[in-house]
Amino acid sequence: MPLDKETLVKETLGRIADKWTLIALDELEDGPHRFSALKKRIPDVSQKMLTQTLRSMERDGLISRTVYP
């Protein structure tokens with residue numbers, strides 16, 4: 001059963017409306033960054049919170065992750 005417009009809007013906002021997701025999306029707008037560089041660009045976020053935020057964003061399809069050797 002397809003979602004109605006209201007439910008879709010609520011779900012979308014629920015996924016991106018938290019503080020760290022919006023800040024991370026803003027920092028990633030100009031291109032990819034390594035985790036450590038992103039952490040330096042967002043000094044108030046803890047490593048744990050940044051990790052959780054990025055994993056959630058990846059799971060939701062907002063970002064993609066590339067692992068380099």
# chains A, B, ... in the order shown; residues from 1 in each chain; ligands from 1
>>> select_by_dssp(residues="chain A", states="alpha helix (DSSP H)", output="ChimeraX atom specification")
/A:5-16,19-28,35-41,47-59
>>> write_last_selection(atoms="N, CA and C atoms", output="short mmCIF file (atom, residue, chain, number, x, y, z; two decimals), in the first residue's frame")
data_model
loop_
_atom_site.label_atom_id
_atom_site.label_comp_id
_atom_site.auth_asym_id
_atom_site.auth_seq_id
_atom_site.Cartn_x
_atom_site.Cartn_y
_atom_site.Cartn_z
N LYS A 5 0.68 11.37 1.14
CA LYS A 5 1.62 12.49 1.12
C LYS A 5 2.04 12.93 2.52
N GLU A 6 1.10 13.00 3.43
CA GLU A 6 1.38 13.46 4.79
C GLU A 6 2.35 12.51 5.50
N THR A 7 2.12 11.23 5.36
CA THR A 7 2.99 10.24 5.99
C THR A 7 4.39 10.30 5.39
N LEU A 8 4.47 10.45 4.09
CA LEU A 8 5.76 10.53 3.41
C LEU A 8 6.55 11.76 3.88
N VAL A 9 5.88 12.89 4.00
CA VAL A 9 6.54 14.11 4.47
C VAL A 9 7.03 13.94 5.91
N LYS A 10 6.20 13.37 6.76
CA LYS A 10 6.59 13.15 8.16
C LYS A 10 7.79 12.22 8.26
N GLU A 11 7.79 11.15 7.50
CA GLU A 11 8.92 10.21 7.52
C GLU A 11 10.20 10.87 7.03
N THR A 12 10.10 11.62 5.95
CA THR A 12 11.28 12.29 5.39
C THR A 12 11.85 13.30 6.37
N LEU A 13 11.00 14.13 6.94
CA LEU A 13 11.47 15.11 7.91
C LEU A 13 12.05 14.45 9.15
N GLY A 14 11.45 13.35 9.57
CA GLY A 14 11.96 12.63 10.72
C GLY A 14 13.36 12.10 10.50
N ARG A 15 13.69 11.78 9.27
CA ARG A 15 15.01 11.24 8.97
C ARG A 15 16.09 12.31 8.84
N ILE A 16 15.72 13.49 8.38
CA ILE A 16 16.75 14.50 8.14
C ILE A 16 16.70 15.68 9.09
N LYS A 19 19.63 17.59 14.34
CA LYS A 19 20.71 18.58 14.29
C LYS A 19 21.93 18.09 13.51
N TRP A 20 22.44 16.94 13.87
CA TRP A 20 23.71 16.49 13.28
C TRP A 20 23.56 16.09 11.83
N THR A 21 22.42 15.55 11.45
CA THR A 21 22.21 15.19 10.05
C THR A 21 22.23 16.44 9.17
N LEU A 22 21.55 17.47 9.59
CA LEU A 22 21.53 18.71 8.80
C LEU A 22 22.92 19.33 8.70
N ILE A 23 23.66 19.33 9.80
CA ILE A 23 25.01 19.90 9.78
C ILE A 23 25.93 19.06 8.88
N ALA A 24 25.84 17.75 8.99
CA ALA A 24 26.68 16.87 8.16
C ALA A 24 26.34 17.03 6.68
N LEU A 25 25.05 17.09 6.36
CA LEU A 25 24.66 17.29 4.96
C LEU A 25 25.21 18.62 4.43
N ASP A 26 25.17 19.64 5.25
CA ASP A 26 25.71 20.94 4.85
C ASP A 26 27.21 20.84 4.57
N GLU A 27 27.94 20.16 5.43
CA GLU A 27 29.39 20.01 5.25
C GLU A 27 29.73 19.14 4.05
N LEU A 28 28.88 18.18 3.74
CA LEU A 28 29.14 17.27 2.62
C LEU A 28 28.63 17.80 1.29
N PHE A 35 36.46 10.87 7.20
CA PHE A 35 35.82 10.99 8.51
C PHE A 35 36.55 12.00 9.39
N SER A 36 37.87 11.91 9.45
CA SER A 36 38.63 12.81 10.33
C SER A 36 38.50 14.27 9.89
N ALA A 37 38.45 14.51 8.60
CA ALA A 37 38.28 15.88 8.10
C ALA A 37 36.88 16.39 8.44
N LEU A 38 35.89 15.53 8.31
CA LEU A 38 34.53 15.91 8.66
C LEU A 38 34.42 16.20 10.15
N LYS A 39 35.08 15.41 10.96
CA LYS A 39 35.09 15.62 12.41
C LYS A 39 35.69 16.98 12.76
N LYS A 40 36.75 17.38 12.06
CA LYS A 40 37.37 18.69 12.29
C LYS A 40 36.46 19.83 11.86
N ARG A 41 35.68 19.60 10.81
CA ARG A 41 34.76 20.63 10.31
C ARG A 41 33.55 20.80 11.21
N GLN A 47 32.76 11.76 18.34
CA GLN A 47 33.07 10.75 17.33
C GLN A 47 31.94 9.74 17.24
N LYS A 48 31.41 9.32 18.38
CA LYS A 48 30.31 8.36 18.40
C LYS A 48 29.07 8.90 17.68
N MET A 49 28.72 10.16 17.96
CA MET A 49 27.52 10.74 17.35
C MET A 49 27.70 10.92 15.85
N LEU A 50 28.89 11.33 15.42
CA LEU A 50 29.16 11.49 14.00
C LEU A 50 29.08 10.14 13.30
N THR A 51 29.65 9.11 13.90
CA THR A 51 29.58 7.77 13.33
C THR A 51 28.13 7.31 13.18
N GLN A 52 27.34 7.48 14.23
CA GLN A 52 25.93 7.08 14.19
C GLN A 52 25.17 7.87 13.13
N THR A 53 25.44 9.15 13.05
CA THR A 53 24.75 10.00 12.08
C THR A 53 25.09 9.59 10.66
N LEU A 54 26.37 9.37 10.38
CA LEU A 54 26.78 8.98 9.03
C LEU A 54 26.23 7.60 8.65
N ARG A 55 26.23 6.68 9.59
CA ARG A 55 25.67 5.35 9.31
C ARG A 55 24.18 5.43 9.01
N SER A 56 23.47 6.25 9.77
CA SER A 56 22.04 6.44 9.55
C SER A 56 21.78 7.08 8.18
N MET A 57 22.58 8.08 7.84
CA MET A 57 22.43 8.74 6.54
C MET A 57 22.72 7.78 5.40
N GLU A 58 23.71 6.92 5.58
CA GLU A 58 24.04 5.93 4.55
C GLU A 58 22.90 4.91 4.41
N ARG A 59 22.38 4.45 5.54
CA ARG A 59 21.27 3.49 5.53
C ARG A 59 20.03 4.07 4.84
#
>>> closest_residue(among="A:Glu29, A:Arg34, A:Val45, A:Asp4", to="A:Leu62", atoms="only C-alpha atoms")
A:Glu29
